[in-house]
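Novice: target.txt (compact mmCIF, C-alpha atoms) pasted underneath:
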# COMPACT_ATOMS: atom_id res chain seq x y z
CA MET A 72 14.22 0.82 0.72
CA LYS A 73 12.15 1.77 3.75
CA LEU A 74 9.02 3.88 3.49
CA ARG A 75 7.17 5.90 6.12
CA PHE A 76 3.41 6.30 5.71
CA ARG A 77 2.23 9.23 7.84
CA PHE A 78 -1.46 9.79 8.44
CA GLU A 79 -3.04 12.52 10.59
CA LYS A 80 -2.55 10.70 13.91
CA VAL A 81 -0.58 7.53 13.17
CA GLU A 82 2.23 6.24 11.00
CA CYS A 83 3.65 2.95 9.85
CA LEU A 84 6.90 1.80 8.27
CA ALA A 85 7.37 -0.62 5.39
CA GLU A 86 10.26 -2.42 3.74
CA THR A 87 10.17 -2.79 -0.06
CA TYR A 88 10.89 -5.94 -2.08
CA GLU A 89 13.37 -4.77 -4.71
CA GLU A 90 14.09 -8.39 -5.68
CA LEU A 91 10.41 -9.38 -6.22
CA ALA A 92 9.06 -6.18 -7.75
CA PRO A 93 12.02 -4.04 -8.89
CA LYS A 94 10.14 -1.99 -11.50
CA THR A 95 7.21 -1.29 -9.18
CA VAL A 96 9.58 -0.24 -6.38
CA ARG A 97 11.46 2.04 -8.81
CA ALA A 98 8.19 3.66 -9.96
CA ILE A 99 7.19 4.30 -6.33
CA LYS A 100 10.64 5.65 -5.44
CA ASN A 101 10.63 8.02 -8.42
CA ALA A 102 7.26 9.45 -7.31
CA LEU A 103 8.32 10.21 -3.72
CA PRO A 104 7.34 12.10 -1.70
CA ILE A 105 3.66 11.33 -2.23
CA THR A 106 0.75 13.22 -0.68
CA SER A 107 -2.77 11.86 -1.07
CA THR A 108 -6.07 11.12 0.69
CA ALA A 109 -6.79 7.82 2.41
CA ASN A 110 -9.70 5.59 1.43
CA ARG A 111 -10.86 2.63 3.52
CA TRP A 112 -12.18 -0.65 2.13
CA GLY A 113 -12.63 -2.93 5.11
CA ASP A 114 -9.20 -3.39 6.65
CA GLU A 115 -7.42 -2.00 3.62
CA ILE A 116 -6.24 1.58 3.19
CA TYR A 117 -5.64 2.70 -0.36
CA PHE A 118 -4.83 6.07 -1.86
CA GLU A 119 -4.47 7.39 -5.37
CA THR A 120 -1.12 8.49 -6.76
CA GLU A 121 0.03 10.10 -9.99
CA ILE A 122 2.12 7.04 -10.81
CA ASN A 123 1.61 5.86 -14.39
CA PHE A 124 2.77 2.26 -14.19
CA ASP A 125 0.97 -0.62 -15.84
CA GLU A 126 3.42 -3.51 -15.73
CA VAL A 127 2.22 -6.60 -13.88
CA GLU A 128 4.91 -7.71 -11.44
CA ASN A 129 4.66 -10.00 -8.38
CA SER A 130 0.91 -9.82 -8.97
CA LYS A 131 -1.39 -11.35 -6.34
CA GLU A 132 -5.14 -11.91 -6.13
CA VAL A 133 -4.78 -13.02 -2.51
CA VAL A 134 -2.60 -10.99 -0.13
CA GLU A 135 -1.34 -11.29 3.43
CA ILE A 136 -1.70 -9.03 6.44
CA GLY A 137 1.00 -6.39 6.18
CA ASP A 138 1.36 -6.47 2.40
CA VAL A 139 1.97 -3.18 0.61
CA ALA A 140 0.89 -3.19 -3.02
CA PHE A 141 0.25 -1.09 -6.10
CA TRP A 142 -3.20 -1.39 -7.69
CA ILE A 143 -2.72 -0.60 -11.39
CA PRO A 144 -6.36 0.26 -12.36
CA GLY A 145 -6.65 2.84 -9.56
CA LYS A 146 -3.03 4.08 -9.66
CA ALA A 147 -3.20 3.43 -5.93
CA ILE A 148 -0.94 2.23 -3.15
CA CYS A 149 -2.70 -0.28 -0.87
CA LEU A 150 -1.92 -1.22 2.74
CA PHE A 151 -3.52 -4.48 3.88
CA PHE A 152 -4.03 -5.00 7.63
CA GLY A 153 -7.02 -7.35 7.62
CA LYS A 154 -9.95 -8.51 5.51
CA THR A 155 -11.60 -6.57 2.72
CA PRO A 156 -15.35 -6.71 1.99
CA ILE A 157 -14.81 -9.52 -0.57
CA SER A 158 -12.51 -11.62 1.63
CA ASP A 159 -13.48 -15.10 2.68
CA GLU A 160 -10.91 -16.95 4.77
CA LEU A 161 -8.29 -15.23 2.57
CA ILE A 162 -7.58 -11.52 2.16
CA ARG A 163 -8.67 -10.41 -1.31
CA PRO A 164 -8.03 -7.07 -3.01
CA ALA A 165 -10.60 -5.70 -5.50
CA SER A 166 -8.43 -7.14 -8.29
CA ALA A 167 -4.83 -8.30 -8.63
CA VAL A 168 -2.19 -6.01 -7.12
CA ASN A 169 1.59 -5.78 -7.46
CA VAL A 170 2.87 -6.62 -3.98
CA PHE A 171 6.05 -4.58 -3.47
CA GLY A 172 6.61 -4.49 0.28
CA LYS A 173 5.64 -5.39 3.84
CA ILE A 174 4.64 -3.26 6.82
CA ILE A 175 7.30 -3.75 9.49
CA GLU A 176 6.08 -1.33 12.17
CA GLY A 177 2.78 0.29 13.16
CA ILE A 178 0.35 -2.11 11.47
CA GLU A 179 -1.92 -2.15 14.55
CA GLU A 180 -2.28 1.64 14.30
CA LEU A 181 -3.82 1.51 10.82
CA LYS A 182 -7.26 0.59 12.21
CA LYS A 183 -7.39 4.17 13.58
CA VAL A 184 -7.06 5.79 10.13
CA LYS A 185 -10.31 7.34 8.91
CA GLU A 186 -11.58 7.75 5.36
CA GLY A 187 -10.50 11.14 4.00
CA GLU A 188 -7.38 11.56 6.15
CA LYS A 189 -4.30 12.97 4.47
CA VAL A 190 -1.42 10.55 3.89
CA PHE A 191 2.22 11.44 3.25
CA VAL A 192 4.71 8.84 1.99
CA GLU A 193 8.47 9.33 2.14
CA GLU A 194 11.63 7.27 1.97
CA ILE A 195 13.55 6.75 5.19
CA LYS A 196 17.29 6.94 4.60
Hey, can you dump this file as structure tokens for me?
Specialist:
Amino acid sequence: MKLRFRFEKVECLAETYEELAPKTVRAIKNALPITSTANRWGDEIYFETEINFDEVENSKEVVEIGDVAFWIPGKAICLFFGKTPISDELIRPASAVNVFGKIIEGIEELKKVKEGEKVFVEEIK
């Protein structure tokens, strides 16, 4: 499945990993479309959802640039495009996240997203 993340001035596209995180992907798909407000934490954008999903799946404490993940404690989708405040040489989320996809287009634009911007997530058919 492909997802479009639209912010106020930029957008990016992501491909999901149905084979690595099938239940997480299904939970995201069932919640679409999603409208929320962007938060910044270093070079991570995250935003709360109404998704009630607590199953650990393809969980990572270290992520890569371009990873798209679900953070269970915050019910949040996370987009990683660089280091977070707790990163060393590796990119570290606040706590383990379910990685369920990869940004395939527009990652360089994410640096322009400001805290508090609206975000809209939809599936691209």
Novice: What's around Ile136 of chain A at 10 Å? Count all atoms listed in the file, leave out sequence neighbours fewer than 2 positions away in its own chain, and write the answer as a ChimeraX atom specification.
Specialist: /A:114-115,134,138-139,150-154,161-162,173-174,178
Novice: Which is closest to Thr95 of chain A among A:Ala165, A:Cys149, A:Ala109, A:Val170, if we use only C-alpha atoms?
Specialist: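 Selected residue with least distance to Thr95 of chain A: A:Val170.
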Novice: Pick the closest to Asn169 of chain A from A:Ile157, A:Ile122, A:Ile99, A:Ala92: which is it, counting all atoms listed in the file?
Specialist: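 The answer is A:Ala92, which sits nearest to Asn169 of chain A.
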Novice: So the first atom is atom CA of Glu179 of chain A and the second is atom CA of Ser158 of chain A; what is the distance between them in Å, to one decimal place?
Specialist: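 So the answer is 19.2 Å.
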Novice: Hey, can you check how far atom CA of Thr120 of chain A sits from atom CA of Val168 of chain A?
Specialist: 14.5 Å
Novice: Point out the residue among A:Arg163, A:Arg111, A:Lys94, A:Lys131 with the least atom-to-atom distance to Leu181 of chain A, counting all atoms listed in the file.
Specialist: A:Arg111
Novice: Pick out the closest residue to Thr87 of chain A from this set: A:Val190, A:Asn101, A:Met72, A:Ser107. Count all atoms listed in the file.
Specialist: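 Using all atoms listed in the file, Thr87 of chain A sits closest to A:Met72.
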Novice: Can you tell me, as a list in words, what residues are no more than 10 Å from Ser130 of chain A when counting only C-alpha atoms, ignoring any on the same chain fewer than 2 positions away?
Specialist: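 The residues that qualify are Leu91, Ala92, Glu126, Val127, Glu128, Glu132, Val133, Val134, Ala140, Phe141, Trp142, Ser166, Ala167, Val168, Asn169, Val170 and Phe171 of chain A.
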Novice: Using all atoms listed in the file, pick whichever of A:Glu82, A:Glu193, A:Glu180, A:Glu89 has the shortest atom-to-atom distance to Asn129 of chain A.
Specialist: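 The closest residue to Asn129 of chain A is A:Glu89.
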Novice: Give the answer as one residue: which of A:Ile116, A:Leu84, A:Ile195, A:Leu74 has the shortest atom-to-atom distance to Val96 of chain A, using all atoms listed in the file?
Specialist: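 Looking only at the distances to Val96 of chain A, the closest residue turns out to be A:Leu74.
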Novice: Any idea what the distance is between atom CA of Lys100 of chain A and atom CA of Glu188 of chain A?
Specialist: 22.2 Å
Novice: Just want the 12 Å neighbourhood of Ile105 of chain A, counted on all atoms listed in the file, with same-chain residues fewer than 6 positions away dropped. Output as a list in words.
Specialist: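 Skipping anything fewer than 6 positions along the chain leaves Leu74, Arg75, Phe76, Arg77, Phe78, Ala98, Ile99, Phe118, Glu119, Thr120, Glu121, Ile122, Ala147, Ile148, Lys189, Val190, Phe191, Val192, Glu193 and Glu194 of chain A.
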Novice: Generate a file of the selected residues that holds C-alpha atoms, formatted as an mmCIF file, in the coordinates of the input.
Specialist:
data_model
loop_
_atom_site.group_PDB
_atom_site.id
_atom_site.type_symbol
_atom_site.label_atom_id
_atom_site.label_comp_id
_atom_site.auth_asym_id
_atom_site.auth_seq_id
_atom_site.Cartn_x
_atom_site.Cartn_y
_atom_site.Cartn_z
ATOM 1 C CA LEU A 74 9.020 3.880 3.490
ATOM 2 C CA ARG A 75 7.170 5.900 6.120
ATOM 3 C CA PHE A 76 3.410 6.300 5.710
ATOM 4 C CA ARG A 77 2.230 9.230 7.840
ATOM 5 C CA PHE A 78 -1.460 9.790 8.440
ATOM 6 C CA ALA A 98 8.190 3.660 -9.960
ATOM 7 C CA ILE A 99 7.190 4.300 -6.330
ATOM 8 C CA PHE A 118 -4.830 6.070 -1.860
ATOM 9 C CA GLU A 119 -4.470 7.390 -5.370
ATOM 10 C CA THR A 120 -1.120 8.490 -6.760
ATOM 11 C CA GLU A 121 0.030 10.100 -9.990
ATOM 12 C CA ILE A 122 2.120 7.040 -10.810
ATOM 13 C CA ALA A 147 -3.200 3.430 -5.930
ATOM 14 C CA ILE A 148 -0.940 2.230 -3.150
ATOM 15 C CA LYS A 189 -4.300 12.970 4.470
ATOM 16 C CA VAL A 190 -1.420 10.550 3.890
ATOM 17 C CA PHE A 191 2.220 11.440 3.250
ATOM 18 C CA VAL A 192 4.710 8.840 1.990
ATOM 19 C CA GLU A 193 8.470 9.330 2.140
ATOM 20 C CA GLU A 194 11.630 7.270 1.970
#
Novice: Is it possible to dump segment 77-189 of chain A as a CSV table (one decimal), in the first residue's frame, including just C-alpha atoms?
Specialist:
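decode_11.csv written:
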chain,number,residue,atom,x,y,z
A,77,ARG,CA,0.2,16.0,3.1
A,78,PHE,CA,1.3,18.9,5.3
A,79,GLU,CA,0.4,22.6,4.8
A,80,LYS,CA,3.1,23.2,2.1
A,81,VAL,CA,4.8,19.9,1.4
A,82,GLU,CA,4.0,16.2,1.0
A,83,CYS,CA,5.7,12.9,0.9
A,84,LEU,CA,4.9,9.4,-0.2
A,85,ALA,CA,5.6,6.1,1.6
A,86,GLU,CA,5.4,2.4,0.8
A,87,THR,CA,4.2,0.1,3.6
A,88,TYR,CA,5.7,-3.3,4.6
A,89,GLU,CA,2.8,-5.7,4.7
A,90,GLU,CA,5.2,-8.6,5.0
A,91,LEU,CA,7.1,-7.2,8.0
A,92,ALA,CA,4.3,-5.5,9.9
A,93,PRO,CA,1.0,-6.9,8.5
A,94,LYS,CA,-1.1,-6.1,11.6
A,95,THR,CA,0.3,-2.6,12.0
A,96,VAL,CA,-0.3,-1.9,8.3
A,97,ARG,CA,-3.9,-3.2,8.6
A,98,ALA,CA,-4.6,-1.0,11.7
A,99,ILE,CA,-3.3,2.1,9.8
A,100,LYS,CA,-5.3,1.2,6.7
A,101,ASN,CA,-8.5,0.8,8.7
A,102,ALA,CA,-8.0,4.3,10.3
A,103,LEU,CA,-7.6,6.1,6.9
A,104,PRO,CA,-8.0,8.9,6.1
A,105,ILE,CA,-6.2,10.4,9.1
A,106,THR,CA,-6.1,14.1,10.0
A,107,SER,CA,-3.9,15.3,12.8
A,108,THR,CA,-1.4,17.9,13.9
A,109,ALA,CA,2.4,17.6,13.4
A,110,ASN,CA,4.9,17.6,16.2
A,111,ARG,CA,8.7,17.9,15.7
A,112,TRP,CA,11.3,16.1,17.7
A,113,GLY,CA,14.6,16.9,16.0
A,114,ASP,CA,14.4,15.4,12.5
A,115,GLU,CA,11.3,13.3,13.4
A,116,ILE,CA,7.7,14.3,12.7
A,117,TYR,CA,5.1,12.5,14.7
A,118,PHE,CA,1.4,13.0,15.1
A,119,GLU,CA,-1.3,11.4,17.2
A,120,THR,CA,-4.0,9.2,15.8
A,121,GLU,CA,-7.0,7.5,17.2
A,122,ILE,CA,-5.6,4.1,16.4
A,123,ASN,CA,-5.8,1.7,19.4
A,124,PHE,CA,-3.2,-0.9,18.6
A,125,ASP,CA,-0.8,-2.3,21.1
A,126,GLU,CA,0.8,-5.3,19.4
A,127,VAL,CA,4.6,-5.2,19.1
A,128,GLU,CA,5.6,-6.0,15.5
A,129,ASN,CA,8.8,-5.3,13.6
A,130,SER,CA,9.8,-3.3,16.7
A,131,LYS,CA,13.0,-1.2,16.5
A,132,GLU,CA,14.9,0.9,19.0
A,133,VAL,CA,17.1,2.2,16.3
A,134,VAL,CA,15.6,3.4,13.0
A,135,GLU,CA,16.9,4.5,9.6
A,136,ILE,CA,16.3,7.7,7.6
A,137,GLY,CA,13.0,7.3,5.8
A,138,ASP,CA,11.4,4.9,8.2
A,139,VAL,CA,7.7,5.2,8.9
A,140,ALA,CA,6.6,3.8,12.2
A,141,PHE,CA,3.9,3.5,14.8
A,142,TRP,CA,4.7,4.6,18.3
A,143,ILE,CA,2.4,2.5,20.6
A,144,PRO,CA,2.6,4.7,23.8
A,145,GLY,CA,1.6,7.9,21.9
A,146,LYS,CA,-0.7,6.3,19.4
A,147,ALA,CA,1.4,8.2,16.9
A,148,ILE,CA,2.7,7.8,13.4
A,149,CYS,CA,6.4,8.8,13.1
A,150,LEU,CA,8.4,9.9,10.1
A,151,PHE,CA,12.1,9.8,10.5
A,152,PHE,CA,14.3,12.0,8.2
A,153,GLY,CA,17.3,12.5,10.5
A,154,LYS,CA,18.5,12.4,14.1
A,155,THR,CA,16.3,12.9,17.1
A,156,PRO,CA,17.5,14.7,20.3
A,157,ILE,CA,18.6,11.3,21.8
A,158,SER,CA,20.4,10.1,18.7
A,159,ASP,CA,24.1,9.4,18.8
A,160,GLU,CA,25.6,8.0,15.6
A,161,LEU,CA,22.3,6.1,15.2
A,162,ILE,CA,18.8,7.4,14.9
A,163,ARG,CA,16.8,6.7,18.0
A,164,PRO,CA,13.1,7.1,18.7
A,165,ALA,CA,11.9,8.0,22.2
A,166,SER,CA,11.2,4.3,22.7
A,167,ALA,CA,10.7,1.3,20.4
A,168,VAL,CA,8.4,1.8,17.4
A,169,ASN,CA,6.8,-0.6,15.0
A,170,VAL,CA,8.4,0.2,11.6
A,171,PHE,CA,5.8,-0.4,9.0
A,172,GLY,CA,7.0,1.5,5.9
A,173,LYS,CA,9.6,3.7,4.1
A,174,ILE,CA,9.4,7.2,2.6
A,175,ILE,CA,9.9,6.8,-1.1
A,176,GLU,CA,9.4,10.4,-2.3
A,177,GLY,CA,9.6,13.9,-0.7
A,178,ILE,CA,11.8,13.1,2.3
A,179,GLU,CA,13.9,16.2,1.7
A,180,GLU,CA,10.8,18.4,2.0
A,181,LEU,CA,10.0,17.2,5.6
A,182,LYS,CA,12.6,19.6,7.1
A,183,LYS,CA,10.2,22.4,6.0
A,184,VAL,CA,7.3,21.1,8.2
A,185,LYS,CA,6.7,23.2,11.3
A,186,GLU,CA,5.4,22.2,14.7
A,187,GLY,CA,1.6,22.6,14.7
A,188,GLU,CA,1.0,22.1,11.0
A,189,LYS,CA,-2.0,20.0,9.9
